[in-house]
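Some notes on the structure that comes next.
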Amino acid sequence: MSTTRTRPNRQAAHRLALLESMLRVRRFEERCVELYSAARIRGFMHLYIGEEAVAVGVNEALTDDDAVVSTYREHGHALARGVPAEAIMAEMFGKATGCSHGRGGSMHLFDAERRFYGGNAIVAGGLPLAAGLALADRMTGRARITCCFFGDGAFAEGEFHETANLAALWQLPVLLVCENNLYAMGTALVRHQAQTDLALRAAGYGMASWAVDGMDVLAVEDAARRAAEGVRAGNGPHFLEMRTYRFRAHSMYDSDRYRDKAEIERWKERDPVEGLARRLREAKELSDKARGALEDRLAAEIDRAVAAAESAPEEPVEDLLKYVTSPVEASPP
Amino acid sequence: MTATHTPDATPAAASDRKTTYREAMREALREALRADDRVFLMGEDVGRYGGCFGVSLGLLEEFGPDRIRDAPLSESAFVGAGIGAALAGMRPVVEIMTVNFSLLALDQILNNAATLLHMSGGQLPVPIVIRMTTGAGRQLAAQHSHSLEGWYAHIPGLRVLAPATLTDARHMLAPALADPDPVLIFEHGSLYNVSGDLPADAGPVDLDHAAVRRPGTDVSLITYGGSLPKALAAADDLANGGISAEVVDLRTLRPLDDATIGDSVARTHRAVVVDEGWRTGSLAAEISARLAEQHFYDLDAPVERVCSAEVPVPYARRLEEAALPQTDGIVAAARRTVGEPAPATGRPG
């Protein structure tokens, strides 16, 4: 994407759009923290803050026809995919207008229309699904790909290895994006993996595989585009190890005792959002005024989402058993 | 494990004809594969090997390796891939060699197949069929002899089938594939070689209803799958002793057909539930509880259960036989319900 042949204005506009997309995730989640503290959002909630460049950069490589399979830390993936903030917020409020009609909550955001397949809260549990979505495309000759996000913790699960083998064996059109934030909940990578070079291990399955600076959205986008191109070209699964970091605790229940505070501060110096903002400011592509206007616009957007969620109807208790099985009339032919 | 691979019989004219349970299953698969391009069969050794129990023998040649898809020994990956393919519009039939290995795919079956429709607020139905062999009785020892269909019947969002007859083996797959939600089919390993006449006029099985396989008036023998032949044999024995036993084949273990079970017990006033699962927390326990809840005043005797002994299924023939429900035990239980002392057989029920 960042070839010098592209018109400079378009490049600048694109970088601004990436900043906006990352900032939307950041501000949305910061509001979620407030709402969680106010007990408007309950359950488990896992924040993506610090990792925004991965969801936003990878999404640039995907088309509307592609599928996305995600994890329980998926607010960023959903927002980047275009799932409306209102539908996500309403879901976290447990409202009828939520993107999963209040059945899922923070960990289980779904949007079939946008081919966003959740929202899987079992580590590595989404990987086999992604292989299957890709298999269906392969069998029917559809030119689209499936992107699966998962964390470094998934590397310890059999489902990752089973799926990596299956995807490579069958040359499935799947883009595997590992968000290596160095912690499987509270266990550091060096304490849960014998070989911590994850890209190296994925390469062992015979798939194109490399590590990426996951704190740099432009690097992420570039890598994702190259990998997605390879997948689309029929070269089988591609694996990207996104080296990233979460600035917040694992979940709202986590007191974050297992990390050195200095380590967190060091990573914050590489904040993907402020890092890009700084570059744009230095390149005179983003004035302080424009930044302020962007912040105001996002704040208003999130305000609207919160207000809509607040005033949305509850799911009626009479519908408790709805969606356990399909309605009879919905039987496919 | 070994299995007899019987080549398919050439389909005969439209009259009752001899077949086996295995061939009936294969014919159902062939029909489904011919009828709908979205249908494909995936699992361990379903292609070149012909299926661990020979069910899919010959299908690879007819439909090719894309649709008769040999998978690596990765139950979680290929069951999950089936679920993903179903989400993307396919109609996969996933074969897990045996229920014992399905434990390696339990995450996908429970946390995805059974759950996605609900968790997504109705957006993601999962039209997958998962077939597997179940049960004991072939001296395969504990790890190849589980009967865990009752576990699966515990799970909302799944439909659980247990074809016990040739007709059900032949005609349950089409309605299972037409179901928009996940369907699990449990095929008892002792049934594959059962042979008999397949009625020519049989059509798709109504998956919401149990079947009365033998009418009777004195006691209801409620069972399914591999225990059905034992229950029918017990009914013969009981008839010789002047006791008229009705045999109810559940066919669908979830959702249970309370009406057919209840109607039978309302007529006979006595019930024996025969289930190859372990007694504690079993499907038999569920049926007994429902009878107590819904038919307490219809019952003239306590409900009896004939289940597997609470032990991992042993290898040695005498021990294995003693661990499983047997005809003698069913007869003894039925006799107790009608107040006739059981003859001493030395066999636990």
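Identifiers in this document derive from the order of the structure tokens: chains are assigned A, B, ..., residues are numbered from 1 separately in each chain, and ligands are numbered from 1 in order of occurrence.
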Discussion item. Near chain B, meaning an atom within 7 Å, which residues of chain A appear when counting only C-alpha atoms? Write them as a PyMOL selection string.
Written reply: chain A and resi 100-101+103-104+108+110+112+128-133+135-136+159+162-163+323-326+331-333
Prev. selection, C-alpha atoms, output as a PDB file, in the first residue's frame:
ATOM      1  CA  SER A 100     -26.156 -10.966  19.645  1.00  0.00           C
ATOM      2  CA  HIS A 101     -29.542  -9.970  21.093  1.00  0.00           C
ATOM      3  CA  ARG A 103     -27.131 -13.638  24.524  1.00  0.00           C
ATOM      4  CA  GLY A 104     -23.425 -13.086  24.153  1.00  0.00           C
ATOM      5  CA  HIS A 108     -19.533 -13.103  22.030  1.00  0.00           C
ATOM      6  CA  PHE A 110     -21.546 -11.729  16.173  1.00  0.00           C
ATOM      7  CA  ALA A 112     -23.495 -12.659  10.246  1.00  0.00           C
ATOM      8  CA  PRO A 128     -11.233 -25.080  13.501  1.00  0.00           C
ATOM      9  CA  LEU A 129     -14.260 -22.966  12.564  1.00  0.00           C
ATOM     10  CA  ALA A 130     -12.058 -20.713  10.457  1.00  0.00           C
ATOM     11  CA  ALA A 131     -10.648 -23.753   8.678  1.00  0.00           C
ATOM     12  CA  GLY A 132     -14.210 -24.896   7.952  1.00  0.00           C
ATOM     13  CA  LEU A 133     -15.340 -21.526   6.626  1.00  0.00           C
ATOM     14  CA  LEU A 135     -12.965 -25.211   3.369  1.00  0.00           C
ATOM     15  CA  ALA A 136     -16.479 -24.306   2.225  1.00  0.00           C
ATOM     16  CA  GLU A 159      -6.780 -27.036  18.455  1.00  0.00           C
ATOM     17  CA  GLU A 162      -4.614 -29.568  14.609  1.00  0.00           C
ATOM     18  CA  THR A 163      -5.954 -26.660  12.594  1.00  0.00           C
ATOM     19  CA  TYR A 323     -32.505 -19.433  19.531  1.00  0.00           C
ATOM     20  CA  VAL A 324     -31.743 -22.759  21.226  1.00  0.00           C
ATOM     21  CA  THR A 325     -32.996 -24.458  18.085  1.00  0.00           C
ATOM     22  CA  SER A 326     -34.056 -22.896  14.815  1.00  0.00           C
ATOM     23  CA  SER A 331     -35.719 -25.130   7.810  1.00  0.00           C
ATOM     24  CA  PRO A 332     -33.457 -24.956   4.793  1.00  0.00           C
ATOM     25  CA  PRO A 333     -34.687 -26.763   1.688  1.00  0.00           C
TER      26      PRO A 333
END
Worksheet item: Quick one: residues within 6 Å of segment 282-290 of chain B, only C-alpha atoms counted, chain neighbours fewer than 3 positions away excluded, as a PyMOL selection string?
Response: chain B and resi 150+273+275+279+293-294
Selection file, N, CA and C atoms, as an mmCIF file, in the first residue's frame:
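Done, and the output landed in part-v3.cif:
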data_model
loop_
_atom_site.group_PDB
_atom_site.id
_atom_site.type_symbol
_atom_site.label_atom_id
_atom_site.label_comp_id
_atom_site.auth_asym_id
_atom_site.auth_seq_id
_atom_site.Cartn_x
_atom_site.Cartn_y
_atom_site.Cartn_z
ATOM 1 N N GLY B 150 -25.916 -40.395 26.157
ATOM 2 C CA GLY B 150 -26.684 -39.722 27.203
ATOM 3 C C GLY B 150 -26.063 -38.389 27.608
ATOM 4 N N VAL B 273 -36.570 -49.177 32.034
ATOM 5 C CA VAL B 273 -35.772 -48.392 31.090
ATOM 6 C C VAL B 273 -34.429 -49.099 30.902
ATOM 7 N N ASP B 275 -30.743 -49.009 29.157
ATOM 8 C CA ASP B 275 -29.817 -47.994 28.658
ATOM 9 C C ASP B 275 -28.403 -48.516 28.889
ATOM 10 N N ARG B 279 -25.514 -46.217 35.021
ATOM 11 C CA ARG B 279 -26.789 -45.879 35.647
ATOM 12 C C ARG B 279 -26.816 -44.451 36.193
ATOM 13 N N GLU B 293 -42.370 -37.599 37.470
ATOM 14 C CA GLU B 293 -42.995 -36.269 37.440
ATOM 15 C C GLU B 293 -44.359 -36.286 36.762
ATOM 16 N N GLN B 294 -44.440 -37.005 35.651
ATOM 17 C CA GLN B 294 -45.620 -36.877 34.794
ATOM 18 C C GLN B 294 -46.600 -38.045 34.937
#
Worksheet entry | Per-residue DSSP, segment 54-270 of chain B, filtered to helix (DSSP H, G or I), as a VMD selection string | chain B and resid 59 to 67 75 to 87 99 to 113 116 to 119 142 to 144 149 to 152 166 to 171 173 to 178 225 to 240 258 to 268
Worksheet entry | Residue neighbourhood Asp258 of chain B, 10 Å, only C-alpha atoms, exclusion window fewer than 3 positions, as a PyMOL selection string | chain B and resi 209-210+250+255+261-264+287+290-291+294
Next, dump the selected residues to file, keeping only C-alpha atoms, as an mmCIF file, in the first residue's frame.
data_model
loop_
_atom_site.group_PDB
_atom_site.id
_atom_site.type_symbol
_atom_site.label_atom_id
_atom_site.label_comp_id
_atom_site.auth_asym_id
_atom_site.auth_seq_id
_atom_site.Cartn_x
_atom_site.Cartn_y
_atom_site.Cartn_z
ATOM 1 C CA HIS B 209 -41.320 -39.382 17.620
ATOM 2 C CA ALA B 210 -40.359 -42.565 19.362
ATOM 3 C CA LEU B 250 -36.789 -43.854 21.710
ATOM 4 C CA PRO B 255 -35.636 -34.061 22.421
ATOM 5 C CA ILE B 261 -43.306 -42.818 26.424
ATOM 6 C CA GLY B 262 -46.142 -41.540 28.599
ATOM 7 C CA ASP B 263 -48.906 -43.084 26.498
ATOM 8 C CA SER B 264 -47.229 -46.446 26.745
ATOM 9 C CA ILE B 287 -36.652 -40.955 31.736
ATOM 10 C CA ARG B 290 -39.928 -37.762 33.870
ATOM 11 C CA LEU B 291 -42.133 -40.755 34.563
ATOM 12 C CA GLN B 294 -45.620 -36.877 34.794
#
Hey, what's within 10 Å of Asp197 of chain A if we count only C-alpha atoms and toss same-chain stuff fewer than 4 positions away? As an mmCIF file with N, CA and C atoms, in the first residue's frame, please?
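Below is the file around_28.cif, written as the result:
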data_model
loop_
_atom_site.group_PDB
_atom_site.id
_atom_site.type_symbol
_atom_site.label_atom_id
_atom_site.label_comp_id
_atom_site.auth_asym_id
_atom_site.auth_seq_id
_atom_site.Cartn_x
_atom_site.Cartn_y
_atom_site.Cartn_z
ATOM 1 N N LEU A 189 4.847 -15.643 28.028
ATOM 2 C CA LEU A 189 5.171 -16.533 26.902
ATOM 3 C C LEU A 189 6.327 -17.467 27.245
ATOM 4 N N GLN A 193 5.721 -21.496 26.677
ATOM 5 C CA GLN A 193 6.159 -22.076 25.404
ATOM 6 C C GLN A 193 7.631 -22.461 25.467
ATOM 7 N N ARG A 201 7.607 -21.679 14.442
ATOM 8 C CA ARG A 201 6.869 -22.930 14.654
ATOM 9 C C ARG A 201 5.754 -23.095 13.625
ATOM 10 N N ALA A 202 5.084 -21.999 13.309
ATOM 11 C CA ALA A 202 4.028 -22.089 12.290
ATOM 12 C C ALA A 202 4.634 -22.504 10.956
ATOM 13 N N TRP A 210 5.557 -15.206 9.103
ATOM 14 C CA TRP A 210 6.571 -14.269 9.574
ATOM 15 C C TRP A 210 6.054 -13.394 10.699
ATOM 16 N N ALA A 211 6.985 -12.774 11.391
ATOM 17 C CA ALA A 211 6.637 -11.924 12.535
ATOM 18 C C ALA A 211 6.568 -10.467 12.087
ATOM 19 N N GLU A 241 2.687 -13.537 12.920
ATOM 20 C CA GLU A 241 2.829 -13.350 14.365
ATOM 21 C C GLU A 241 2.919 -11.852 14.624
#
Discussion item. Env of Tyr315 of chain B: 10 Å cut, atoms = only C-alpha atoms, seq-sep filter 2 positions within chain, self excluded. Answer as a ChimeraX atom specification.
Written reply: /B:136-142,145,312-313,317-321
Worksheet item: Residues of segment 60-274 of chain A in strand (DSSP E) according to DSSP, as a ChimeraX atom specification?
Response: /A:67-71,116-120,146-151,174-180,183-184,187-188,208-213,238-243
Practice prompt. Would you list the contacts of Gln171 of chain A as a PyMOL selection string, taking every protein, DNA or RNA residue within 7 Å and counting only C-alpha atoms, but skipping same-chain residues closer than 3 positions in sequence?
Written response: chain A and resi 167-168+235-237
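Interatomic distance, atom CA of Glu60 of chain A against atom CA of Leu175 of chain A: 13.1 Å.
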Discussion item. Between atom CA of Leu198 of chain A and atom CA of Phe150 of chain A, what is the distance in Å, rounded to a tenth?
Written reply: 12.3 Å
